[in-house]
Amino acid sequence: MLINQITIIGEKTLVTLSKSIKRIKPSATMAVTQKARELKAQGKDIIGLGAGEPDFDTPDNIKKAAIDAIKEGDTKYTAVDGTPALKEAIQSKFKRENNLDYGLNEISVGTGGKQIIFNAMAVTLDSLDEVIIPAPYWVTYPDVVNYFDAKPIIIICGEETGFKITPDQLEKAINKSTKWFILNSPSNPTGSCYTEDELIALSKVLENHPHVNIMTDDLYEHLIYDDVQFHTLVSVAPFLKDRTLTLNGVSKAYAMTGWRIGYAGGNQDLIKAMGKLQSQSTSNPTSISQAAAVEALNGNNSFIAERSQVFKKRRDNLISELNSMNGISCRKPEGAFYVFPSCQGVIGKTDDSGKIICNDQEFTTSLLEQAGVAVVQGSAFGLEGYFRISYATSDENLEEACSRMRVYLENLK
């Protein structure tokens, strides 16, 4: 039977790939980051603004907790979907910060938020099920849905609504095949954050469609600015709790991207099924990372507010710079560490190489090649004519990147 799957050609083998893997694309954000790394390795002067990764280090108390775990021999297998200590810390976090009550059997811990999303989709989606995804969206959402032969229903949410889905749009998108609605606030890539009233309005639509599950991606919860208040959907609409998966993690606010810990609270039947799948895939997240995450959630987190002020200053400076550049306009986001400027004003122009810029991908490619600034095209997030900049980098990098962009844009013809 193996010969039907692998054809031997000389000393090489040609593996027949599954239909599932052919339905997805590599992550666009990771591709841009990798391209920037490769160019830097070749000796080229590249400023990478593609990665959604804080430039701050993991706080010392969190690193110490990991070191202590190693010294104490906490290096064995743990419970598949999270240690009791970490689940208790997550339980306390949900209650303390979001006024949500989850039992330990309603909490799942995975190797980053991506695994939580993958597990949830894997155990619930069948072929031709539909998942409503507002665009701009995080690049992973539609590809995970596609992997399971389900159908992403992309709802374009333009700048006129703050890049946010309206109740009317949501109502029109729901049908009998709708299995999930994914809501990300604050948003990657736009930084938009839904208000309490906006969430209540969406919850009224969802109340009338009890067959629809909801995933709220709250990963950027602590990165909000000005007088904006964060609200997660279940906190304002508790009647949706049994069919909502509340996703979060320690990557962004705690500068722990490489530690790979994501978590969620949800219906115990869903959480149990996700754990069953995880037992046959990765098993438990790293025991050492889990020990560090306990300290992150339970320990002193005053650094979050301090770092948020740094991010806010960067955002404000970046918005001011972008809105003074030829052909660029940019809405001020409420949260996260991204801006999502429009590049529609440069479409149709010609760069120094004589190439006509016809779309946002050609713009970002030209910007990288001509100015050495790596950003991600808006079409990768489902909205053409924009691009994403991550300001989770140093002030010096941002200042130099803006200087290069300004010169590049002034030279377009």
# chains A, B, ... in the order shown; residues from 1 in each chain; ligands from 1
$ residues_around --residues "Ala336 in chain A" --least-positions-apart "4" --cutoff "6 Å" --atoms "only C-alpha atoms" --output "PyMOL selection string"
chain A and resi 186+191+220+223
$ write_last_selection --atoms "C-alpha atoms" --output "compact mmCIF listing (two decimals), in the first residue's frame"
# COMPACT_ATOMS: atom_id res chain seq x y z
CA PRO A 186 -7.97 44.18 20.06
CA GLY A 191 -5.45 47.27 16.54
CA TYR A 220 -3.92 41.60 23.06
CA LEU A 223 -2.35 46.31 25.18
$ select_by_dssp --residues "range 142-299 of chain A" --states "alpha helix (DSSP H)" --output "MDAnalysis selection string"
chainID A and resid 142:147 167:173 196:207 233:236 268:279 287:298
$ residues_around --residues "range 156-163 of chain A" --least-positions-apart "3" --cutoff "7 Å" --atoms "only C-alpha atoms" --output "short mmCIF file (atom, residue, chain, number, x, y, z; two decimals) with N, CA and C atoms, in the first residue's frame"
data_model
loop_
_atom_site.label_atom_id
_atom_site.label_comp_id
_atom_site.auth_asym_id
_atom_site.auth_seq_id
_atom_site.Cartn_x
_atom_site.Cartn_y
_atom_site.Cartn_z
N PRO A 134 -14.43 38.09 10.28
CA PRO A 134 -14.32 39.48 9.83
C PRO A 134 -12.93 39.77 9.28
N ALA A 135 -12.89 40.50 8.19
CA ALA A 135 -11.60 40.92 7.61
C ALA A 135 -11.46 42.42 7.74
N PRO A 136 -10.26 42.90 8.10
CA PRO A 136 -8.99 42.20 8.21
C PRO A 136 -8.96 41.19 9.37
N SER A 192 -7.85 47.51 16.21
CA SER A 192 -9.20 47.96 16.59
C SER A 192 -9.72 47.17 17.78
#
$ residues_around --residues "Gly348 in chain A" --least-positions-apart "6" --cutoff "10 Å" --atoms "only C-alpha atoms" --output "PDB file with N, CA and C atoms, in the first residue's frame"
ATOM      1  N   LYS A 355       9.365  50.026 -11.951  1.00  0.00           N
ATOM      2  CA  LYS A 355       8.236  49.112 -11.810  1.00  0.00           C
ATOM      3  C   LYS A 355       6.993  49.860 -11.339  1.00  0.00           C
ATOM      4  N   ILE A 356       5.865  49.602 -12.015  1.00  0.00           N
ATOM      5  CA  ILE A 356       4.587  50.202 -11.627  1.00  0.00           C
ATOM      6  C   ILE A 356       3.988  49.393 -10.475  1.00  0.00           C
ATOM      7  N   ILE A 357       3.587  50.089  -9.423  1.00  0.00           N
ATOM      8  CA  ILE A 357       2.982  49.430  -8.254  1.00  0.00           C
ATOM      9  C   ILE A 357       1.490  49.257  -8.509  1.00  0.00           C
ATOM     10  N   CYS A 358       1.060  47.999  -8.625  1.00  0.00           N
ATOM     11  CA  CYS A 358      -0.332  47.728  -8.991  1.00  0.00           C
ATOM     12  C   CYS A 358      -1.208  47.288  -7.822  1.00  0.00           C
ATOM     13  N   ASN A 359      -0.607  46.869  -6.717  1.00  0.00           N
ATOM     14  CA  ASN A 359      -1.402  46.425  -5.572  1.00  0.00           C
ATOM     15  C   ASN A 359      -0.546  46.497  -4.310  1.00  0.00           C
ATOM     16  N   PHE A 363       3.564  46.882  -3.569  1.00  0.00           N
ATOM     17  CA  PHE A 363       4.065  48.006  -2.773  1.00  0.00           C
ATOM     18  C   PHE A 363       5.016  47.526  -1.681  1.00  0.00           C
ATOM     19  N   LEU A 412       8.660  58.175  -5.551  1.00  0.00           N
ATOM     20  CA  LEU A 412       7.721  57.526  -6.471  1.00  0.00           C
ATOM     21  C   LEU A 412       7.219  58.528  -7.486  1.00  0.00           C
ATOM     22  N   LYS A 413       7.022  58.069  -8.684  1.00  0.00           N
ATOM     23  CA  LYS A 413       6.577  58.963  -9.773  1.00  0.00           C
ATOM     24  C   LYS A 413       5.197  58.555 -10.257  1.00  0.00           C
TER      25      LYS A 413
END
$ residues_around --residues "Ile70 in chain A" --least-positions-apart "4" --cutoff "12 Å" --atoms "only C-alpha atoms" --output "PyMOL selection string"
chain A and resi 63-66+74-76+286-292
$ write_last_selection --atoms "C-alpha atoms" --output "PDB file, in the first residue's frame"
ATOM      1  CA  LYS A  63      12.487  33.558  33.956  1.00  0.00           C
ATOM      2  CA  LYS A  64      13.426  32.703  37.550  1.00  0.00           C
ATOM      3  CA  ALA A  65      10.297  30.570  37.904  1.00  0.00           C
ATOM      4  CA  ALA A  66      11.409  28.579  34.846  1.00  0.00           C
ATOM      5  CA  ASP A  74       9.963  19.814  36.957  1.00  0.00           C
ATOM      6  CA  THR A  75      10.959  18.413  33.574  1.00  0.00           C
ATOM      7  CA  LYS A  76       8.557  15.488  33.165  1.00  0.00           C
ATOM      8  CA  THR A 286       6.528  22.190  27.981  1.00  0.00           C
ATOM      9  CA  SER A 287       6.491  21.743  31.746  1.00  0.00           C
ATOM     10  CA  ILE A 288       9.048  24.539  32.223  1.00  0.00           C
ATOM     11  CA  SER A 289       7.008  27.016  30.180  1.00  0.00           C
ATOM     12  CA  GLN A 290       3.927  26.131  32.195  1.00  0.00           C
ATOM     13  CA  ALA A 291       5.759  26.886  35.438  1.00  0.00           C
ATOM     14  CA  ALA A 292       6.825  30.235  34.001  1.00  0.00           C
TER      15      ALA A 292
END
$ closest_residue --among "A:Ile24, A:Leu100, A:Val80, A:Ala89" --to "Val145 in chain A" --atoms "only C-alpha atoms"
A:Ile24
$ closest_atom_pairs --of "range 186-292 of chain A" --to "range 104-110 of chain A" --cutoff "9 Å" --atoms "only C-alpha atoms" --output "CSV"
residue,atom,partner,partner_atom,distance
A:Gly249,CA,A:Val109,CA,8.9
A:Arg260,CA,A:Gly110,CA,7.9
A:Ile261,CA,A:Gly110,CA,6.0
A:Gly262,CA,A:Gly110,CA,5.2
A:Tyr263,CA,A:Val109,CA,4.3
A:Ala264,CA,A:Ser108,CA,5.4
A:Gly265,CA,A:Ile107,CA,4.5
A:Gly266,CA,A:Glu106,CA,5.3
A:Asn267,CA,A:Glu106,CA,5.9
A:Gln268,CA,A:Glu106,CA,4.6
A:Asp269,CA,A:Glu106,CA,8.2
A:Leu270,CA,A:Glu106,CA,8.3
A:Ile271,CA,A:Glu106,CA,5.9
A:Lys272,CA,A:Asn105,CA,7.6
A:Met274,CA,A:Ser108,CA,7.7
A:Gly275,CA,A:Ser108,CA,7.2
A:Gln278,CA,A:Gly110,CA,8.2
A:Thr282,CA,A:Gly110,CA,8.9
A:Ser283,CA,A:Gly110,CA,8.9
A:Asn284,CA,A:Gly110,CA,7.3
A:Pro285,CA,A:Gly110,CA,5.9
A:Gln290,CA,A:Val109,CA,8.9
$ closest_residue --among "A:Val32, A:Phe148, A:Asn323, A:Tyr77" --to "Ser18 in chain A" --atoms "only C-alpha atoms"
A:Phe148
$ residues_around --residues "Ile182 in chain A" --least-positions-apart "2" --cutoff "9 Å" --atoms "only C-alpha atoms" --output "list of chain:residue names"
A:Val131, A:Ile132, A:Ile133, A:Pro134, A:Tyr141, A:Trp180, A:Asn184, A:Asn213, A:Ile214, A:Met215, A:Thr216, A:Asp217
$ write_last_selection --atoms "C-alpha atoms" --output "PDB file, in the first residue's frame"
ATOM      1  CA  VAL A 131     -16.936  29.928   9.927  1.00  0.00           C
ATOM      2  CA  ILE A 132     -17.596  33.678   9.869  1.00  0.00           C
ATOM      3  CA  ILE A 133     -14.352  35.654   9.917  1.00  0.00           C
ATOM      4  CA  PRO A 134     -14.322  39.484   9.830  1.00  0.00           C
ATOM      5  CA  TYR A 141      -7.965  31.837  10.972  1.00  0.00           C
ATOM      6  CA  TRP A 180     -18.371  29.398  14.364  1.00  0.00           C
ATOM      7  CA  ASN A 184     -10.567  39.276  17.657  1.00  0.00           C
ATOM      8  CA  ASN A 213     -20.310  28.885  18.465  1.00  0.00           C
ATOM      9  CA  ILE A 214     -18.118  31.923  19.142  1.00  0.00           C
ATOM     10  CA  MET A 215     -14.376  32.177  19.538  1.00  0.00           C
ATOM     11  CA  THR A 216     -13.094  35.390  21.105  1.00  0.00           C
ATOM     12  CA  ASP A 217      -9.378  35.932  20.590  1.00  0.00           C
TER      13      ASP A 217
END
$ residues_around --residues "Val407 in chain A" --least-positions-apart "6" --cutoff "12 Å" --atoms "only C-alpha atoms" --output "MDAnalysis selection string"
chainID A and resid 325:326 351:352 367 370:373 400:401
